[in-house]
Each structure stands twice: as structure tokens, then as C-alpha cells.
Amino acid sequence: MAGFRSLARQVRDPDCDLALRRYSLRKCLEKFAPYGHRATWDHLCSRAGFGSEDRSPDPARLVAALEELEEARSVWLAYETDFTERRRKEKHDGLRRPGTVDDWHRLTWGGFGVAWCDDPRVHPGEPLAEVLRRLIAALKREPGASCPVCGADRLVWRYGLDHEPSSGPVCTDCGILVPRPVLTPQTLEYARRGGLLMSA
């Protein structure tokens with residue numbers, strides 16, 4: 001099975017058939033898709049300016065979509081490297097029990113669904129790398145009461161998500177499943193009660 005980098009080379013290769021280049025970009029999302037496969041594809045198509053069902057998009061637009069995905073992947077891989085180093089040091093220092101961020105991270109290893117969007121048409125509009133930087137920054141600070149990606153405070157608890165965990169606080173503005181460790185216990189409780197969370 002081809003890895004992300006070899007798939008990316010096929011996307012860039014002008015000697016490859018255009019259908020193969022498009023297919024290779026889709027296959028990249030099996031390796032790295034921050035919003036999930038369908039929502040990440042919709043995001044990349046929207047930002048690069050070609051239709052999600054377009055079978056022969058402009059090759060330059062395919063490469064633009066790939067470049068956005070690659071930048072986001074490099075941001076996430078750097079975070080995972082830092083995470084691994086931190087856990088190694090903590091274990092060396094005798095801290096064996098992982099925290100809530102570590103539990104969340106275990107479910108998102110590799111970057112699939114780190115900012116899950118259950119509705120593939122509702123996702124942040126900013127570049128993927130910027131969304132991931134905001135999310136990573138939130139994971140490194142004290143929990144808050146709003147979405148770490150868009151800053152909205154309208155969160156609602158959704159069940160039956162096509163993801164693990166299958167329920168959690170979803171931002172009604174940008175559509176992401178907000179990682180529980182970035183929210184205060186009070187914020188999580190308000191979201192669980194079924195209403196929109198409004199700031200005090």
C-alpha cells in the first residue's frame with residue numbers, strides 16, 4: 001500500500017493520468033484527514049476551487065489542494081513528535097498514568113479526525129494548518145468555554161457521530177467535534193444538557 005509521500009508524488013507527476021492524480025489525492029486522505037475523509041475532501045475542493053465530483057480538475061488546483069494538506073500534515077506530525085517526547089520524559093520521571101489529553105490523542109493518532117466534522121459540508125473555512133495550530137494551542141493551555149478553532153461559544157452535545165468517541169460537544173458554527181480536554185467541566189455539562197452554551 002502506497003504511503004502519503006508516494007501518493008503525493010503521483011498527484012504532482014505531470015506524466016500521470018489526471019484521473020490517477022485525482023485518485024491519489026483522495027487516497028492521501030486515508031493517511032491524513034483532520035475533518036474525516038469526506039469533510040476534508042469537501043474542504044480541499046472548496047478551497048482549491050474544483051468540484052468534489054469533478055473527474056478532471058485543473059492539475060494546478062489538485063496540487064494546491066495537496067499543498068494545503070501537506071502543510072497541515074507537517075503541523076500535526078510536529079505535534080505528534082512533541083507529544084511522544086513529552087510522554088517519554090513523563091514516563092522516565094515516573095508519571096505513568098496518561099491525562100485526558102493523552103486519552104484523546106490516542107484516538108486521533110496519525111491525524112485522522114482530529115477536528116472531526118460529522119456533516120461533510122460543515123467545516124471550518126480557514127486553511128487546515130491554521131485550524132490545527134489553533135487546536136494544538138488549545139490542547140497546551142487550560143480548558144476554556146469556547147470552540148478552540150473559531151472561538152464560538154455555541155456548543156451542543158451530539159450523539160451517534162460517525163467517529164470515536166461517538167458523542168460529544170459539537171461547535172454549531174464551524175462543525176467540529178471539540179476535543180473534551182480543551183473544555184471546562186462546566187462547559188461540557190452545559191453542552192450535555194442539550195441547550196446551546198451561551199457565555200455568561
# chains A, B, ... in the order shown; residues from 1 in each chain; ligands from 1
call {"tool": "residues_around", "arguments": {"residues": "range 130-142 of chain A", "least_positions_apart": "5", "cutoff": "8 Å", "atoms": "only C-alpha atoms", "output": "PyMOL selection string"}}
result
chain A and resi 72+75-76+79+101+115+124+148-149+181-182
call {"tool": "write_last_selection", "arguments": {"atoms": "all heavy atoms", "output": "PDB file, in the first residue's frame"}}
result
ATOM      1  N   ALA A  72      -0.702  21.063   6.558  1.00  0.00           N
ATOM      2  CA  ALA A  72      -1.416  20.656   7.766  1.00  0.00           C
ATOM      3  C   ALA A  72      -0.802  19.387   8.360  1.00  0.00           C
ATOM      4  O   ALA A  72      -0.658  19.263   9.581  1.00  0.00           O
ATOM      5  CB  ALA A  72      -2.893  20.439   7.447  1.00  0.00           C
ATOM      6  N   VAL A  75       2.292  20.179  10.316  1.00  0.00           N
ATOM      7  CA  VAL A  75       1.935  20.756  11.625  1.00  0.00           C
ATOM      8  C   VAL A  75       1.567  19.637  12.594  1.00  0.00           C
ATOM      9  O   VAL A  75       2.032  19.603  13.737  1.00  0.00           O
ATOM     10  CB  VAL A  75       0.765  21.765  11.484  1.00  0.00           C
ATOM     11  CG1 VAL A  75       0.180  22.140  12.840  1.00  0.00           C
ATOM     12  CG2 VAL A  75       1.222  23.010  10.737  1.00  0.00           C
ATOM     13  N   TRP A  76       0.748  18.695  12.125  1.00  0.00           N
ATOM     14  CA  TRP A  76       0.303  17.616  13.009  1.00  0.00           C
ATOM     15  C   TRP A  76       1.449  16.672  13.369  1.00  0.00           C
ATOM     16  O   TRP A  76       1.573  16.247  14.524  1.00  0.00           O
ATOM     17  CB  TRP A  76      -0.852  16.835  12.385  1.00  0.00           C
ATOM     18  CG  TRP A  76      -1.396  15.837  13.358  1.00  0.00           C
ATOM     19  CD1 TRP A  76      -1.256  14.488  13.326  1.00  0.00           C
ATOM     20  CD2 TRP A  76      -2.119  16.142  14.554  1.00  0.00           C
ATOM     21  NE1 TRP A  76      -1.855  13.924  14.431  1.00  0.00           N
ATOM     22  CE2 TRP A  76      -2.396  14.917  15.197  1.00  0.00           C
ATOM     23  CE3 TRP A  76      -2.564  17.320  15.141  1.00  0.00           C
ATOM     24  CZ2 TRP A  76      -3.100  14.843  16.405  1.00  0.00           C
ATOM     25  CZ3 TRP A  76      -3.266  17.243  16.337  1.00  0.00           C
ATOM     26  CH2 TRP A  76      -3.523  16.023  16.954  1.00  0.00           C
ATOM     27  N   TYR A  79       3.485  18.112  16.072  1.00  0.00           N
ATOM     28  CA  TYR A  79       2.791  17.972  17.358  1.00  0.00           C
ATOM     29  C   TYR A  79       2.953  16.549  17.895  1.00  0.00           C
ATOM     30  O   TYR A  79       3.225  16.348  19.079  1.00  0.00           O
ATOM     31  CB  TYR A  79       1.306  18.315  17.210  1.00  0.00           C
ATOM     32  CG  TYR A  79       0.484  17.913  18.407  1.00  0.00           C
ATOM     33  CD1 TYR A  79       0.570  18.624  19.609  1.00  0.00           C
ATOM     34  CD2 TYR A  79      -0.343  16.801  18.372  1.00  0.00           C
ATOM     35  CE1 TYR A  79      -0.156  18.246  20.717  1.00  0.00           C
ATOM     36  CE2 TYR A  79      -1.079  16.415  19.479  1.00  0.00           C
ATOM     37  CZ  TYR A  79      -0.982  17.134  20.649  1.00  0.00           C
ATOM     38  OH  TYR A  79      -1.697  16.752  21.755  1.00  0.00           O
ATOM     39  N   VAL A 101      -5.806  14.637  27.867  1.00  0.00           N
ATOM     40  CA  VAL A 101      -5.304  14.958  26.526  1.00  0.00           C
ATOM     41  C   VAL A 101      -4.702  13.713  25.891  1.00  0.00           C
ATOM     42  O   VAL A 101      -4.896  13.437  24.704  1.00  0.00           O
ATOM     43  CB  VAL A 101      -4.279  16.115  26.563  1.00  0.00           C
ATOM     44  CG1 VAL A 101      -3.605  16.281  25.210  1.00  0.00           C
ATOM     45  CG2 VAL A 101      -4.950  17.402  26.979  1.00  0.00           C
ATOM     46  N   ALA A 115     -10.110  17.001  14.148  1.00  0.00           N
ATOM     47  CA  ALA A 115     -11.135  18.051  14.231  1.00  0.00           C
ATOM     48  C   ALA A 115     -12.355  17.540  13.457  1.00  0.00           C
ATOM     49  O   ALA A 115     -12.793  18.136  12.489  1.00  0.00           O
ATOM     50  CB  ALA A 115     -10.612  19.365  13.657  1.00  0.00           C
ATOM     51  N   PRO A 124     -14.623  24.157   9.170  1.00  0.00           N
ATOM     52  CA  PRO A 124     -14.001  25.488   9.176  1.00  0.00           C
ATOM     53  C   PRO A 124     -13.565  25.901   7.773  1.00  0.00           C
ATOM     54  O   PRO A 124     -13.205  25.066   6.944  1.00  0.00           O
ATOM     55  CB  PRO A 124     -12.790  25.308  10.102  1.00  0.00           C
ATOM     56  CG  PRO A 124     -13.151  24.145  10.972  1.00  0.00           C
ATOM     57  CD  PRO A 124     -13.959  23.232  10.095  1.00  0.00           C
ATOM     58  N   PRO A 148     -12.092  25.979  20.212  1.00  0.00           N
ATOM     59  CA  PRO A 148     -10.713  26.429  20.031  1.00  0.00           C
ATOM     60  C   PRO A 148     -10.389  26.833  18.597  1.00  0.00           C
ATOM     61  O   PRO A 148      -9.403  27.512  18.359  1.00  0.00           O
ATOM     62  CB  PRO A 148      -9.896  25.212  20.441  1.00  0.00           C
ATOM     63  CG  PRO A 148     -10.789  24.057  20.163  1.00  0.00           C
ATOM     64  CD  PRO A 148     -12.181  24.536  20.438  1.00  0.00           C
ATOM     65  N   VAL A 149     -11.222  26.456  17.651  1.00  0.00           N
ATOM     66  CA  VAL A 149     -10.956  26.739  16.240  1.00  0.00           C
ATOM     67  C   VAL A 149     -11.550  28.070  15.814  1.00  0.00           C
ATOM     68  O   VAL A 149     -10.877  28.913  15.231  1.00  0.00           O
ATOM     69  CB  VAL A 149     -11.462  25.590  15.342  1.00  0.00           C
ATOM     70  CG1 VAL A 149     -11.403  25.974  13.871  1.00  0.00           C
ATOM     71  CG2 VAL A 149     -10.643  24.330  15.588  1.00  0.00           C
ATOM     72  N   PRO A 181     -10.863  17.533  26.249  1.00  0.00           N
ATOM     73  CA  PRO A 181      -9.849  18.104  27.150  1.00  0.00           C
ATOM     74  C   PRO A 181      -9.673  19.620  27.030  1.00  0.00           C
ATOM     75  O   PRO A 181      -9.100  20.233  27.925  1.00  0.00           O
ATOM     76  CB  PRO A 181      -8.557  17.393  26.740  1.00  0.00           C
ATOM     77  CG  PRO A 181      -8.992  16.143  26.063  1.00  0.00           C
ATOM     78  CD  PRO A 181     -10.295  16.473  25.405  1.00  0.00           C
ATOM     79  N   VAL A 182     -10.144  20.240  25.949  1.00  0.00           N
ATOM     80  CA  VAL A 182      -9.949  21.689  25.806  1.00  0.00           C
ATOM     81  C   VAL A 182     -11.102  22.482  26.428  1.00  0.00           C
ATOM     82  O   VAL A 182     -11.074  23.706  26.421  1.00  0.00           O
ATOM     83  CB  VAL A 182      -9.732  22.124  24.335  1.00  0.00           C
ATOM     84  CG1 VAL A 182      -8.605  21.328  23.706  1.00  0.00           C
ATOM     85  CG2 VAL A 182     -11.002  22.032  23.518  1.00  0.00           C
TER      86      VAL A 182
END
call {"tool": "residues_around", "arguments": {"residues": "Glu68 in chain A", "least_positions_apart": "4", "cutoff": "7 Å", "atoms": "only C-alpha atoms", "output": "list in words"}}
result
Ala64, Ala72, Pro127 and Leu128 of chain A
call {"tool": "closest_residue", "arguments": {"among": "A:Glu80, A:Glu70, A:Glu53, A:Asp58", "to": "Arg9 in chain A", "atoms": "only C-alpha atoms"}}
result
A:Glu70
call {"tool": "residues_around", "arguments": {"residues": "Leu7 in chain A", "least_positions_apart": "3", "cutoff": "7 Å", "atoms": "only C-alpha atoms", "output": "PyMOL selection string"}}
result
chain A and resi 2-4+10-11+24-25+28
call {"tool": "select_by_dssp", "arguments": {"residues": "range 20-168 of chain A", "states": "alpha helix (DSSP H)", "output": "PyMOL selection string"}}
result
chain A and resi 20-28+37-48+59-92+100-107+128-139
call {"tool": "residues_around", "arguments": {"residues": "Thr187 in chain A", "least_positions_apart": "3", "cutoff": "6 Å", "atoms": "only C-alpha atoms", "output": "PyMOL selection string"}}
result
chain A and resi 145+184+190
call {"tool": "closest_residue", "arguments": {"among": "A:Arg5, A:Arg192, A:Arg61, A:Arg154", "to": "Ser74 in chain A", "atoms": "only C-alpha atoms"}}
result
A:Arg5
call {"tool": "residues_around", "arguments": {"residues": "range 30-35 of chain A", "least_positions_apart": "4", "cutoff": "8 Å", "atoms": "only C-alpha atoms", "output": "list in words"}}
result
Gly3, Phe4, Arg26, Ala39, Thr40, Arg73, Gly110, Gly111, Phe112, Gly113, Val114, Ala115, Trp116, Cys117, His123, Leu128 and Ile176 of chain A
call {"tool": "closest_residue", "arguments": {"among": "A:Gly151, A:Gly194, A:Gly144, A:Gly94", "to": "Asp173 in chain A", "atoms": "only C-alpha atoms"}}
result
A:Gly151
call {"tool": "closest_residue", "arguments": {"among": "A:Ala8, A:Leu44, A:Val63, A:Ala191", "to": "Val170 in chain A", "atoms": "only C-alpha atoms"}}
result
A:Ala191
call {"tool": "atom_distance", "arguments": {"atom1": "CA of Asp102 in chain A", "atom2": "CA of Ala152 in chain A"}}
result
24.6 Å
call {"tool": "atom_distance", "arguments": {"atom1": "CA of Gly175 in chain A", "atom2": "CA of Gly49 in chain A"}}
result
21.0 Å
call {"tool": "atom_distance", "arguments": {"atom1": "CA of Ser166 in chain A", "atom2": "CA of Leu107 in chain A"}}
result
11.5 Å
call {"tool": "closest_residue", "arguments": {"among": "A:Thr81, A:Glu67, A:Pro120, A:Arg180", "to": "Ser52 in chain A", "atoms": "only C-alpha atoms"}}
result
A:Pro120
call {"tool": "closest_residue", "arguments": {"among": "A:Leu69, A:Arg47, A:Thr172, A:Arg88", "to": "Val122 in chain A", "atoms": "only C-alpha atoms"}}
result
A:Thr172
